[in-house]
file work_34.cif (mmCIF, C-alpha atoms)
data_target
#
loop_
_atom_site.label_atom_id
_atom_site.label_comp_id
_atom_site.auth_asym_id
_atom_site.auth_seq_id
_atom_site.Cartn_x
_atom_site.Cartn_y
_atom_site.Cartn_z
CA MET M 108 17.14 -161.85 22.32
CA CYS M 109 17.07 -158.04 22.04
CA THR M 110 14.02 -156.98 20.01
CA LYS M 111 15.77 -153.96 18.51
CA ILE M 112 18.91 -153.77 16.42
CA PRO M 113 21.65 -152.95 18.96
CA ILE M 114 23.06 -149.46 18.71
CA CYS M 115 26.80 -148.82 18.88
CA LYS M 116 28.59 -148.54 22.22
CA GLU M 117 29.11 -144.78 21.93
CA GLU M 118 25.43 -144.12 21.20
CA TYR M 119 24.34 -146.49 23.99
CA GLU M 120 26.58 -144.77 26.54
CA LYS M 121 25.34 -141.35 25.39
CA ASN M 122 21.72 -142.44 25.83
CA ILE M 123 22.14 -143.83 29.33
CA ALA M 124 24.19 -140.80 30.40
CA GLU M 125 21.27 -138.56 29.45
CA THR M 126 18.92 -140.39 31.86
CA ARG M 127 21.40 -141.21 34.61
CA GLU M 128 20.59 -138.26 36.87
CA GLN M 129 16.92 -139.15 36.91
CA ARG M 130 17.46 -142.90 37.28
CA MET M 131 20.12 -142.64 40.00
CA GLY M 132 18.33 -140.04 42.11
CA TRP M 133 16.73 -142.40 44.64
CA TRP M 134 19.90 -144.52 44.93
CA ARG M 135 22.10 -141.53 45.70
CA GLU M 136 19.77 -140.58 48.54
CA ALA M 137 19.37 -144.12 49.91
CA ARG M 138 23.00 -144.68 51.03
CA PHE M 139 22.36 -147.99 52.77
CA GLY M 140 21.16 -151.33 51.39
CA MET M 141 21.09 -155.04 52.23
CA PHE M 142 22.78 -157.73 50.13
CA ILE M 143 21.27 -161.22 50.51
CA HIS M 144 23.27 -164.28 49.46
CA TYR M 145 21.01 -167.31 49.46
CA GLY M 146 21.35 -170.41 47.33
CA LEU M 147 22.13 -174.10 47.40
CA TYR M 148 25.46 -173.22 49.03
CA SER M 149 23.49 -172.06 52.09
CA THR M 150 22.66 -175.68 52.90
CA LYS M 151 26.34 -176.67 52.74
CA GLY M 152 27.28 -173.87 55.12
CA THR M 153 30.99 -173.76 54.27
CA HIS M 154 31.12 -170.86 51.78
CA GLU M 155 29.21 -169.77 48.67
CA TRP M 156 32.09 -171.11 46.55
CA ALA M 157 31.97 -174.55 48.21
CA MET M 158 31.08 -176.36 44.97
CA ALA M 159 34.23 -175.10 43.28
CA TYR M 160 36.60 -174.81 46.24
CA GLU M 161 35.82 -178.33 47.44
CA ASN M 162 35.68 -179.83 43.92
CA TYR M 163 32.19 -181.29 44.09
CA THR M 164 30.86 -182.94 40.96
CA GLN M 165 27.45 -181.70 39.84
CA GLU M 166 25.86 -184.95 40.93
CA GLU M 167 27.41 -184.77 44.41
CA TYR M 168 26.45 -181.13 44.83
CA ARG M 169 22.80 -181.70 43.87
CA GLU M 170 22.50 -183.93 46.94
CA PHE M 171 22.35 -180.75 49.04
CA LEU M 172 18.94 -179.95 47.52
CA LYS M 173 17.33 -182.22 50.10
CA ASN M 174 18.61 -179.89 52.82
CA MET M 175 17.16 -176.74 51.19
CA THR M 176 14.28 -176.33 53.63
CA PHE M 177 13.26 -172.83 52.59
CA ASP M 178 10.41 -171.30 54.60
CA ALA M 179 8.19 -169.15 52.36
CA SER M 180 7.57 -166.65 55.19
CA MET M 181 11.24 -165.66 55.35
CA PRO M 182 11.39 -163.00 52.60
CA GLU M 183 8.93 -160.87 54.56
CA LYS M 184 11.24 -161.18 57.57
CA TRP M 185 14.27 -160.22 55.44
CA VAL M 186 12.52 -157.08 54.27
CA ARG M 187 11.20 -156.08 57.70
CA THR M 188 14.68 -156.55 59.16
CA ALA M 189 16.24 -154.41 56.44
CA LYS M 190 13.64 -151.68 56.88
CA LYS M 191 14.09 -151.66 60.65
CA ALA M 192 17.86 -151.35 60.12
CA GLY M 193 17.36 -148.19 58.04
CA MET M 194 18.17 -149.87 54.72
CA LYS M 195 16.40 -148.50 51.66
CA TYR M 196 16.98 -151.27 49.11
CA ILE M 197 17.80 -154.98 48.96
CA VAL M 198 19.77 -156.95 46.36
CA LEU M 199 19.04 -160.70 46.24
CA THR M 200 21.19 -163.35 44.55
CA THR M 201 18.72 -164.62 41.96
CA ARG M 202 21.42 -167.03 40.75
CA HIS M 203 24.96 -167.54 41.95
CA HIS M 204 27.90 -169.21 40.20
CA GLU M 205 26.58 -172.67 41.11
CA GLY M 206 23.97 -172.20 38.35
CA PHE M 207 20.88 -172.70 40.55
CA SER M 208 18.13 -170.14 39.91
CA LEU M 209 15.73 -168.93 42.61
CA TRP M 210 12.77 -168.26 40.30
CA ASP M 211 10.36 -170.11 38.04
CA SER M 212 12.60 -170.22 34.97
CA LYS M 213 11.89 -171.89 31.66
CA ALA M 214 15.38 -170.99 30.42
CA ASN M 215 16.99 -172.80 33.37
CA PRO M 216 14.97 -175.77 34.69
CA TYR M 217 17.51 -176.17 37.51
CA ASN M 218 15.64 -173.81 39.82
CA SER M 219 13.91 -173.50 43.18
CA VAL M 220 10.46 -174.26 41.77
CA ASN M 221 11.44 -177.53 40.06
CA CYS M 222 14.00 -178.61 42.67
CA GLY M 223 14.53 -178.28 46.39
CA PRO M 224 11.95 -176.10 48.18
CA GLY M 225 9.47 -175.96 45.28
CA VAL M 226 8.80 -172.19 45.56
CA ASP M 227 9.58 -169.07 43.52
CA ILE M 228 11.83 -167.30 46.02
CA VAL M 229 12.28 -164.26 43.77
CA ARG M 230 8.49 -163.79 43.64
CA LEU M 231 8.22 -163.95 47.42
CA PHE M 232 11.09 -161.49 47.76
CA VAL M 233 9.66 -159.00 45.25
CA ASP M 234 6.21 -159.10 46.84
CA ALA M 235 7.68 -158.52 50.30
CA CYS M 236 9.74 -155.54 49.10
CA ARG M 237 6.74 -153.91 47.43
CA LYS M 238 4.64 -154.39 50.54
CA GLU M 239 7.20 -152.48 52.66
CA GLY M 240 8.24 -149.88 50.06
CA ILE M 241 11.80 -151.20 49.71
CA ARG M 242 13.61 -150.86 46.37
CA ILE M 243 14.33 -154.14 44.54
CA GLY M 244 17.69 -155.36 43.26
CA PHE M 245 18.55 -158.57 41.39
CA TYR M 246 22.07 -160.02 41.60
CA PHE M 247 22.87 -162.11 38.51
CA SER M 248 26.04 -164.14 38.07
CA LEU M 249 27.54 -164.26 34.59
CA MET M 250 29.89 -167.08 35.57
CA ASP M 251 28.27 -170.52 35.68
CA TRP M 252 29.77 -173.77 36.94
CA ILE M 253 27.27 -176.22 35.42
CA HIS M 254 26.26 -175.09 31.92
CA PRO M 255 28.17 -177.14 29.32
CA ASP M 256 29.15 -174.01 27.38
CA ALA M 257 30.11 -171.95 30.43
CA TRP M 258 33.84 -172.57 29.93
CA LYS M 259 33.88 -173.48 26.23
CA CYS M 260 32.52 -170.01 25.48
CA ALA M 261 36.02 -168.59 26.01
CA VAL M 262 37.47 -170.61 23.11
CA ASP M 263 34.53 -171.63 20.91
CA ALA M 264 32.41 -169.06 19.02
CA GLN M 265 29.34 -171.30 18.80
CA ALA M 266 29.52 -172.12 22.50
CA ARG M 267 29.78 -168.42 23.25
CA LEU M 268 26.66 -167.73 21.20
CA ARG M 269 24.71 -170.48 22.96
CA PHE M 270 25.85 -169.39 26.42
CA THR M 271 25.12 -165.68 25.97
CA GLU M 272 21.67 -166.56 24.59
CA TYR M 273 21.12 -168.69 27.70
CA LEU M 274 22.04 -165.80 29.98
CA GLN M 275 19.88 -163.35 28.07
CA GLY M 276 16.96 -165.76 28.22
CA MET M 277 17.16 -165.84 32.01
CA LEU M 278 17.58 -162.09 32.22
CA LYS M 279 14.53 -161.54 30.05
CA GLU M 280 12.49 -163.65 32.48
CA LEU M 281 13.71 -161.60 35.45
CA MET M 282 12.98 -158.35 33.65
CA THR M 283 9.44 -159.33 32.56
CA GLN M 284 7.97 -161.58 35.27
CA TYR M 285 8.22 -159.37 38.35
CA GLY M 286 7.18 -155.84 37.48
CA GLU M 287 9.49 -152.88 37.92
CA ILE M 288 13.02 -153.76 39.06
CA ASP M 289 15.32 -151.05 40.39
CA ILE M 290 18.82 -152.58 40.22
CA LEU M 291 20.60 -155.20 38.13
CA TRP M 292 23.76 -156.29 39.94
CA TYR M 293 26.01 -158.41 37.71
CA ASP M 294 28.86 -160.49 39.11
CA ILE M 295 31.99 -162.35 37.93
CA SER M 296 32.54 -162.01 34.21
CA ARG M 297 34.59 -165.18 33.76
CA PRO M 298 35.87 -166.80 31.62
CA MET M 299 35.45 -164.10 28.97
CA VAL M 300 37.39 -160.91 29.46
CA SER M 301 35.57 -158.22 27.47
CA TRP M 302 32.10 -156.76 27.00
CA GLU M 303 32.24 -158.02 23.42
CA GLY M 304 32.72 -161.59 24.65
CA TRP M 305 29.70 -161.30 26.94
CA ASP M 306 27.61 -159.54 24.29
CA SER M 307 26.99 -156.99 27.05
CA LEU M 308 25.93 -154.23 24.70
CA ARG M 309 23.07 -156.31 23.32
CA MET M 310 22.29 -157.82 26.73
CA ASN M 311 22.10 -154.53 28.62
CA GLN M 312 20.20 -152.81 25.86
CA MET M 313 17.59 -155.56 26.14
CA VAL M 314 17.43 -155.06 29.91
CA ARG M 315 16.96 -151.30 29.56
CA GLU M 316 14.36 -151.74 26.85
CA LEU M 317 12.32 -153.82 29.31
CA GLN M 318 13.18 -151.78 32.41
CA PRO M 319 13.82 -148.15 31.35
CA ASP M 320 14.46 -146.85 34.89
CA ILE M 321 16.78 -149.62 36.03
CA ILE M 322 20.33 -148.94 37.23
CA ILE M 323 23.11 -151.41 36.39
CA ASN M 324 26.52 -151.98 37.97
CA ASN M 325 29.82 -152.22 36.10
CA ARG M 326 30.54 -155.96 36.26
CA SER M 327 29.42 -156.87 32.73
CA LYS M 328 32.58 -155.11 31.46
CA LEU M 329 30.67 -151.93 30.55
CA GLU M 330 30.89 -148.89 32.82
CA GLU M 331 27.10 -148.52 33.15
CA ASP M 332 25.82 -146.64 36.26
CA PHE M 333 27.89 -147.46 39.35
CA GLY M 334 31.06 -149.16 40.56
CA THR M 335 31.25 -151.93 43.16
CA PRO M 336 34.39 -152.03 45.30
CA GLU M 337 34.25 -155.31 47.21
CA GLU M 338 35.19 -155.83 50.85
CA LYS M 339 36.70 -152.35 51.00
CA ILE M 340 35.48 -148.79 51.22
CA ASP M 341 37.41 -147.27 48.37
CA ALA M 342 35.90 -144.26 46.62
CA GLU M 343 35.72 -144.49 42.85
CA LYS M 344 35.14 -141.88 40.19
CA GLY M 345 31.41 -141.41 39.71
CA ASP M 346 28.78 -143.36 41.65
CA TRP M 347 29.98 -146.31 43.70
CA GLU M 348 28.81 -148.79 46.31
CA ALA M 349 30.97 -150.71 48.76
CA CYS M 350 29.68 -154.27 49.14
CA MET M 351 30.74 -155.88 52.40
CA THR M 352 30.28 -159.30 53.98
CA PHE M 353 29.07 -159.32 57.58
CA ASN M 354 32.05 -161.33 58.81
CA GLY M 355 34.95 -161.01 56.36
CA ILE M 356 34.82 -164.76 55.66
CA SER M 357 31.82 -165.67 53.53
CA TRP M 358 28.88 -164.11 51.67
CA GLY M 359 26.83 -167.27 52.18
CA TYR M 360 25.74 -168.78 55.47
CA ILE M 361 28.33 -170.30 57.80
CA ASP M 362 27.84 -171.47 61.36
CA SER M 363 26.43 -168.64 63.47
CA ASP M 364 28.00 -169.63 66.78
CA SER M 365 31.45 -169.76 65.24
CA CYS M 366 30.87 -166.54 63.29
CA VAL M 367 30.12 -164.24 66.22
CA PRO M 368 33.74 -163.19 66.95
CA TYR M 369 34.26 -162.20 63.30
CA SER M 370 30.96 -160.40 62.74
CA TYR M 371 30.42 -156.65 62.64
CA ASN M 372 28.89 -154.93 65.62
CA ALA M 373 26.71 -151.82 65.42
CA HIS M 374 29.65 -149.45 66.04
CA GLU M 375 31.58 -150.89 63.11
CA ILE M 376 28.59 -150.67 60.77
CA ILE M 377 28.00 -147.03 61.68
CA ARG M 378 31.67 -146.22 61.09
CA MET M 379 31.37 -147.78 57.63
CA LEU M 380 28.26 -145.69 56.97
CA CYS M 381 30.13 -142.57 57.99
CA LYS M 382 33.02 -143.32 55.67
CA VAL M 383 30.94 -144.17 52.59
CA THR M 384 28.76 -141.11 53.11
CA ALA M 385 31.76 -138.83 53.57
CA GLU M 386 33.29 -140.17 50.37
CA GLY M 387 30.08 -140.00 48.33
CA GLY M 388 29.19 -143.70 48.11
CA ASN M 389 26.68 -146.28 49.35
CA LEU M 390 27.04 -149.28 51.66
CA LEU M 391 25.58 -152.65 50.61
CA LEU M 392 25.91 -154.84 53.70
CA ASN M 393 25.49 -158.58 53.19
CA VAL M 394 23.63 -161.22 55.19
CA GLY M 395 23.70 -164.94 54.44
CA PRO M 396 20.44 -166.68 55.45
CA LYS M 397 20.38 -170.21 56.87
CA PRO M 398 19.09 -173.19 54.81
CA ASP M 399 15.49 -172.40 55.86
CA GLY M 400 15.95 -168.75 54.84
CA SER M 401 16.05 -167.35 58.37
CA LEU M 402 18.61 -164.67 59.08
CA PRO M 403 21.56 -165.74 61.24
CA ASP M 404 21.43 -164.70 64.88
CA GLU M 405 24.63 -162.67 64.82
CA VAL M 406 23.23 -160.08 62.38
CA MET M 407 19.93 -159.34 64.11
CA ARG M 408 20.96 -157.30 67.14
CA PRO M 409 23.55 -155.13 65.34
CA LEU M 410 21.13 -154.32 62.52
CA GLY M 411 18.36 -153.43 64.95
CA THR M 412 20.68 -151.14 66.90
CA VAL M 413 21.93 -149.44 63.74
CA GLY M 414 18.34 -148.80 62.68
CA ALA M 415 17.45 -147.27 66.03
CA TRP M 416 20.52 -144.99 65.83
CA LEU M 417 19.69 -143.95 62.25
CA ALA M 418 16.13 -143.11 63.24
CA LYS M 419 17.60 -140.17 65.18
CA ASN M 420 20.77 -139.45 63.20
CA GLY M 421 19.74 -140.31 59.66
CA SER M 422 20.22 -136.74 58.39
CA ALA M 423 23.98 -137.34 58.64
CA VAL M 424 23.68 -140.26 56.19
CA TYR M 425 20.69 -140.08 53.87
CA GLY M 426 20.34 -137.64 51.01
CA ARG M 427 22.17 -136.60 47.88
CA LYS M 428 25.38 -135.49 49.58
CA LYS M 429 28.58 -134.65 47.76
CA PRO M 430 31.85 -136.10 49.05
CA THR M 431 32.77 -133.95 52.03
CA VAL M 432 35.84 -131.72 52.18
CA VAL M 433 35.72 -132.29 55.92
CA TYR M 434 36.48 -135.70 57.38
CA ARG M 435 38.83 -135.50 60.36
CA THR M 436 38.45 -132.27 62.31
CA ASN M 437 40.25 -133.75 65.31
CA GLY M 438 41.30 -137.18 66.55
CA LEU M 439 37.95 -138.01 68.15
CA CYS M 440 35.53 -137.16 65.33
CA SER M 441 34.74 -137.68 61.66
CA ALA M 442 32.34 -135.72 59.49
CA THR M 443 29.83 -135.82 56.67
CA GLN M 444 28.50 -132.76 54.90
CA ASP M 445 25.39 -131.44 53.19
CA GLY M 446 25.82 -127.96 51.75
CA ASN M 447 26.46 -125.49 54.56
CA LYS M 448 25.86 -128.15 57.22
CA VAL M 449 28.60 -130.38 58.62
CA TYR M 450 27.62 -133.41 60.67
CA LEU M 451 30.27 -134.12 63.26
CA TRP M 452 30.31 -137.78 64.34
CA ASN M 453 31.87 -137.95 67.80
CA TRP M 454 33.33 -141.43 68.39
CA ILE M 455 34.98 -140.82 71.77
CA TRP M 456 33.23 -138.56 74.26
CA PRO M 457 35.66 -135.86 75.52
CA LYS M 458 36.39 -136.08 79.22
CA GLU M 459 36.99 -132.32 79.36
CA LYS M 460 33.45 -131.77 77.95
CA GLU M 461 34.61 -129.79 74.95
CA LEU M 462 35.76 -130.48 71.40
CA ARG M 463 38.27 -128.33 69.57
CA LEU M 464 37.91 -128.44 65.79
CA GLY M 465 40.64 -127.14 63.53
CA GLY M 466 40.62 -126.42 59.80
CA PHE M 467 37.45 -124.40 59.20
CA MET M 468 37.78 -121.07 57.39
CA THR M 469 34.08 -120.14 57.36
CA VAL M 470 31.93 -118.45 60.01
CA LEU M 471 29.90 -120.88 62.10
CA LYS M 472 26.26 -119.93 62.63
CA GLN M 473 24.95 -122.50 65.14
CA VAL M 474 25.49 -126.00 66.55
CA LYS M 475 22.82 -128.50 67.58
CA VAL M 476 22.72 -132.09 68.78
CA LEU M 477 21.37 -133.87 65.70
CA GLY M 478 17.79 -135.09 65.97
CA THR M 479 16.99 -132.56 68.70
CA GLU M 480 16.60 -128.81 69.12
CA ILE M 481 19.32 -128.73 71.78
CA GLN M 482 21.74 -125.88 71.09
CA VAL M 483 25.44 -126.39 71.81
CA GLU M 484 27.60 -123.56 73.07
CA PHE M 485 30.61 -122.71 70.93
CA ASP M 486 33.19 -120.08 70.24
CA GLN M 487 35.29 -119.55 67.12
CA ASN M 488 38.49 -117.77 66.26
CA GLU M 489 40.59 -117.78 63.10
CA HIS M 490 42.33 -121.05 64.10
CA TYR M 491 39.65 -123.29 65.58
CA ILE M 492 36.08 -123.84 66.73
CA ARG M 493 35.43 -124.98 70.28
CA LEU M 494 32.24 -126.79 71.30
CA LYS M 495 31.84 -126.05 75.01
CA ASN M 496 30.09 -127.38 78.09
CA LEU M 497 29.04 -130.62 76.45
CA SER M 498 26.49 -132.15 78.77
CA GLU M 499 26.65 -135.84 79.55
CA LYS M 500 22.88 -135.99 79.15
CA ASN M 501 23.31 -135.13 75.46
CA ARG M 502 25.65 -138.03 74.90
CA ASP M 503 24.07 -140.63 72.59
CA PRO M 504 22.47 -143.20 74.95
CA LEU M 505 22.41 -146.00 72.40
CA LEU M 506 26.02 -146.29 71.21
CA SER M 507 27.71 -143.17 72.61
CA ILE M 508 28.11 -141.90 69.02
CA THR M 509 26.74 -138.38 69.18
CA VAL M 510 26.34 -136.35 66.01
CA PHE M 511 26.56 -132.56 66.17
CA GLU M 512 25.04 -130.51 63.36
CA LEU M 513 27.26 -127.53 62.56
CA GLU M 514 25.51 -124.94 60.40
CA PHE M 515 27.80 -122.40 58.71
CA GLU M 516 26.85 -119.10 57.11
CA GLU M 517 27.84 -120.57 53.74
CA GLU M 518 29.28 -123.80 52.42
CA PRO M 519 32.42 -124.19 54.54
CA GLU M 520 35.96 -123.91 53.32
CA TYR M 521 38.21 -126.35 55.09
CA ALA M 522 41.85 -127.37 55.13
CA ARG M 523 42.98 -129.91 57.69
CA ALA M 524 45.63 -128.55 60.05
CA PHE M 525 46.13 -125.42 57.94
CA LEU M 526 48.69 -123.97 60.37
CA TYR M 527 51.10 -126.66 59.20
CA PRO M 528 52.15 -126.14 55.53
CA GLN M 529 54.08 -129.42 55.72
CA LEU M 530 50.72 -131.15 55.27
CA HIS M 531 49.82 -129.01 52.24
CA LEU M 532 52.96 -129.25 50.10
CA GLY M 533 54.11 -125.92 51.46
CA LYS M 534 50.87 -124.03 50.81
CA VAL M 535 50.01 -121.36 53.39
CA TYR M 536 46.57 -119.98 54.23
CA THR M 537 47.53 -116.54 55.55
CA ASP M 538 44.98 -114.63 53.47
CA LYS M 539 42.13 -116.99 54.36
CA ILE M 540 42.98 -116.79 58.06
CA ARG M 541 43.01 -112.98 57.90
CA GLU M 542 39.70 -112.95 56.04
CA LEU M 543 38.07 -115.20 58.63
CA ARG M 544 39.42 -113.05 61.48
CA ASP M 545 37.88 -109.96 59.89
CA LYS M 546 34.48 -111.64 59.41
CA LEU M 547 34.45 -112.82 63.03
CA LYS M 548 35.19 -109.29 64.23
CA GLU M 549 32.36 -107.92 62.10
CA LYS M 550 30.02 -110.48 63.62
CA GLU M 551 30.90 -109.28 67.14
CA ILE M 552 30.03 -105.69 66.34
#
call {"tool": "encode", "arguments": {"input": "work_34.cif", "output": "structure tokens"}}
result
Amino acid sequence: MCTKIPICKEEYEKNIAETREQRMGWWREARFGMFIHYGLYSTKGTHEWAMAYENYTQEEYREFLKNMTFDASMPEKWVRTAKKAGMKYIVLTTRHHEGFSLWDSKANPYNSVNCGPGVDIVRLFVDACRKEGIRIGFYFSLMDWIHPDAWKCAVDAQARLRFTEYLQGMLKELMTQYGEIDILWYDISRPMVSWEGWDSLRMNQMVRELQPDIIINNRSKLEEDFGTPEEKIDAEKGDWEACMTFNGISWGYIDSDSCVPYSYNAHEIIRMLCKVTAEGGNLLLNVGPKPDGSLPDEVMRPLGTVGAWLAKNGSAVYGRKKPTVVYRTNGLCSATQDGNKVYLWNWIWPKEKELRLGGFMTVLKQVKVLGTEIQVEFDQNEHYIRLKNLSEKNRDPLLSITVFELEFEEEPEYARAFLYPQLHLGKVYTDKIRELRDKLKEKEI
């Protein structure tokens, strides 16, 4: 399927490493994206793994096609919702493990044009993203529950050849029929256990030949461009993205009324954004549309509120930020960082109208309420910074999560609770404390 003779793994990895900075630039600044799980499982409404978990035969499962009442106007609504929420990219499940494709595929006739709704959902999605300036991602399952070689490939060399050619045929369609694609998001490399078994070197080289600027995740058993911790915010070496369901139960649609108690609210989403940003990652937050493609009710209000909050406080999230050395400056706040600026996310408003921040060993220049020009009074000594006279009128009116922008004279040095060597394996900071004291005295003169 690849038109060139595949190069060796070492040469391939060298080549993609040389372009990674350029290709990953937009993604590292985006921070926040939407995952969309839509497929035949959406009509069943009991989980995206319903076909396997509930042991449906293929014939029984195909009966759900009659309930796939997809409305062609919905992709535009997906994209507008994501954009309003402050999301910069969207990843759509072009095919899930059930083997049903959402595009006009010659390689796989079992698709949304030939069956069910009779429309090319991927085309509608791509067009909607381009209209709104949202980056485009394609999720693509390697595991398949219906192809006759999808399990034989683990034990039969000819079956493996047929199945990998089948996958590469579908991928070639996705990489050639829809213009420039920004992300390829592989999933579930079963039953084979190695990149050799999946022919990933040939497969991904073909993808990159067709889409030179694409970024690829690490689920085809090659490291590629970014990691994908699932249902947890767990920093990985290099670039990474935490993918999270909206309810901790299912990626696909399940009953909205029953889902409400389990679903994230705006506060929880913003806390996730803070944590991924502080640790140098991205957040890919999932929604599972209903059978007609409409977004479930329980996601709409939280996403709208998050977007409104980000419209004011986005500087604390977006941008090519390194993992921060500052995260917990006291028990009421967390932090993200961008060079000499620290963004202090205040979760609980202090009743005494001041915040005491320990751990900084760099001179503070000024403090503002983020998104405004309002200056905040402060004083600083060698042990702590104190933000003073915090006015109730500057408290965030939307969610009561106020972000303070602390600008230091240089990139801050920080050690949490540095007066307590027990927390630093016995290390003391006497010289740094003395140095800070001297600089503060010089500033007073």
call {"tool": "atom_distance", "arguments": {"input": "work_34.cif", "atom1": "atom CA of M:Gly388", "atom2": "atom CA of M:Met131"}}
result
12.2 Å
call {"tool": "residues_around", "arguments": {"input": "work_34.cif", "residues": "M:Lys238", "least_positions_apart": "3", "cutoff": "12 Å", "atoms": "only C-alpha atoms", "output": "PDB file with C-alpha atoms, keeping the file's coordinate frame"}}
result
ATOM      1  CA  PRO M 182      11.390-163.000  52.600  1.00  0.00           C
ATOM      2  CA  GLU M 183       8.930-160.870  54.560  1.00  0.00           C
ATOM      3  CA  LYS M 184      11.240-161.180  57.570  1.00  0.00           C
ATOM      4  CA  VAL M 186      12.520-157.080  54.270  1.00  0.00           C
ATOM      5  CA  ARG M 187      11.200-156.080  57.700  1.00  0.00           C
ATOM      6  CA  LYS M 190      13.640-151.680  56.880  1.00  0.00           C
ATOM      7  CA  LEU M 231       8.220-163.950  47.420  1.00  0.00           C
ATOM      8  CA  PHE M 232      11.090-161.490  47.760  1.00  0.00           C
ATOM      9  CA  VAL M 233       9.660-159.000  45.250  1.00  0.00           C
ATOM     10  CA  ASP M 234       6.210-159.100  46.840  1.00  0.00           C
ATOM     11  CA  ALA M 235       7.680-158.520  50.300  1.00  0.00           C
ATOM     12  CA  ILE M 241      11.800-151.200  49.710  1.00  0.00           C
ATOM     13  CA  ARG M 242      13.610-150.860  46.370  1.00  0.00           C
ATOM     14  CA  ILE M 243      14.330-154.140  44.540  1.00  0.00           C
TER      15      ILE M 243
END
call {"tool": "residues_around", "arguments": {"input": "work_34.cif", "residues": "M:Ile340", "least_positions_apart": "5", "cutoff": "10 Å", "atoms": "all atoms listed in the file", "output": "CSV table (one decimal) with C-alpha atoms, in the coordinates of the input"}}
result
chain,number,residue,atom,x,y,z
M,335,THR,CA,31.2,-151.9,43.2
M,347,TRP,CA,30.0,-146.3,43.7
M,348,GLU,CA,28.8,-148.8,46.3
M,349,ALA,CA,31.0,-150.7,48.8
M,350,CYS,CA,29.7,-154.3,49.1
M,351,MET,CA,30.7,-155.9,52.4
M,379,MET,CA,31.4,-147.8,57.6
M,380,LEU,CA,28.3,-145.7,57.0
M,382,LYS,CA,33.0,-143.3,55.7
M,383,VAL,CA,30.9,-144.2,52.6
M,386,GLU,CA,33.3,-140.2,50.4
M,388,GLY,CA,29.2,-143.7,48.1
M,389,ASN,CA,26.7,-146.3,49.4
M,390,LEU,CA,27.0,-149.3,51.7
call {"tool": "atom_distance", "arguments": {"input": "work_34.cif", "atom1": "atom CA of M:Trp358", "atom2": "atom CA of M:Gly395"}}
result
5.9 Å
call {"tool": "residues_near_point", "arguments": {"input": "work_34.cif", "point": "(31.8, -149.9, 66.8)", "cutoff": "10 Å", "atoms": "all atoms listed in the file", "output": "list in words"}}
result
Tyr371, Asn372, Ala373, His374, Glu375, Ile376, Ile377, Arg378, Met379, Pro409, Trp454, Leu506, Ser507 and Ile508 of chain M
call {"tool": "resolve_selection", "arguments": {"input": "work_34.cif", "expression": "the PyMOL selection byres ((chain M and resi 130) around 12)", "output": "JSON list (two decimals) with C-alpha atoms, in the frame of the given file"}}
result
[["chain", "number", "residue", "atom", "x", "y", "z"],
["M", 123, "ILE", "CA", 22.14, -143.83, 29.33],
["M", 124, "ALA", "CA", 24.19, -140.80, 30.40],
["M", 125, "GLU", "CA", 21.27, -138.56, 29.45],
["M", 126, "THR", "CA", 18.92, -140.39, 31.86],
["M", 127, "ARG", "CA", 21.40, -141.21, 34.61],
["M", 128, "GLU", "CA", 20.59, -138.26, 36.87],
["M", 129, "GLN", "CA", 16.92, -139.15, 36.91],
["M", 131, "MET", "CA", 20.12, -142.64, 40.00],
["M", 132, "GLY", "CA", 18.33, -140.04, 42.11],
["M", 133, "TRP", "CA", 16.73, -142.40, 44.64],
["M", 134, "TRP", "CA", 19.90, -144.52, 44.93],
["M", 135, "ARG", "CA", 22.10, -141.53, 45.70],
["M", 136, "GLU", "CA", 19.77, -140.58, 48.54],
["M", 288, "ILE", "CA", 13.02, -153.76, 39.06],
["M", 289, "ASP", "CA", 15.32, -151.05, 40.39],
["M", 290, "ILE", "CA", 18.82, -152.58, 40.22],
["M", 315, "ARG", "CA", 16.96, -151.30, 29.56],
["M", 318, "GLN", "CA", 13.18, -151.78, 32.41],
["M", 319, "PRO", "CA", 13.82, -148.15, 31.35],
["M", 320, "ASP", "CA", 14.46, -146.85, 34.89],
["M", 321, "ILE", "CA", 16.78, -149.62, 36.03],
["M", 322, "ILE", "CA", 20.33, -148.94, 37.23],
["M", 323, "ILE", "CA", 23.11, -151.41, 36.39],
["M", 331, "GLU", "CA", 27.10, -148.52, 33.15],
["M", 332, "ASP", "CA", 25.82, -146.64, 36.26],
["M", 333, "PHE", "CA", 27.89, -147.46, 39.35]]
call {"tool": "residues_near_point", "arguments": {"input": "work_34.cif", "point": "(20.5, -165.1, 60.9)", "cutoff": "12 Å", "atoms": "only C-alpha atoms", "output": "PyMOL selection string"}}
result
chain M and resi 143-145+149+181+184-185+188+353+359-364+366-367+370+393-410
call {"tool": "residues_around", "arguments": {"input": "work_34.cif", "residues": "stretch 536-547 of chain M", "least_positions_apart": "2", "cutoff": "7 Å", "atoms": "only C-alpha atoms", "output": "ChimeraX atom specification"}}
result
/M:468-470,488-489,525,534,549-551
call {"tool": "resolve_selection", "arguments": {"input": "work_34.cif", "expression": "the PyMOL selection byres ((chain M and resi 162-175) around 9)", "output": "list in words"}}
result
Gly146, Leu147, Tyr148, Ser149, Thr150, Lys151, Ala157, Met158, Ala159, Tyr160, Glu161, Thr176, Phe177, Cys222, Gly223, Pro224, Trp252, Ile253, Pro398, Asp399 and Gly400 of chain M
call {"tool": "residues_around", "arguments": {"input": "work_34.cif", "residues": "M:Pro298", "least_positions_apart": "4", "cutoff": "10 Å", "atoms": "all atoms listed in the file", "output": "compact mmCIF listing (two decimals) with C-alpha atoms, in the frame of the given file"}}
result
# COMPACT_ATOMS: atom_id res chain seq x y z
CA LEU M 249 27.54 -164.26 34.59
CA MET M 250 29.89 -167.08 35.57
CA ASP M 251 28.27 -170.52 35.68
CA ALA M 257 30.11 -171.95 30.43
CA TRP M 258 33.84 -172.57 29.93
CA LYS M 259 33.88 -173.48 26.23
CA CYS M 260 32.52 -170.01 25.48
CA ALA M 261 36.02 -168.59 26.01
CA VAL M 262 37.47 -170.61 23.11
CA GLY M 304 32.72 -161.59 24.65
CA TRP M 305 29.70 -161.30 26.94
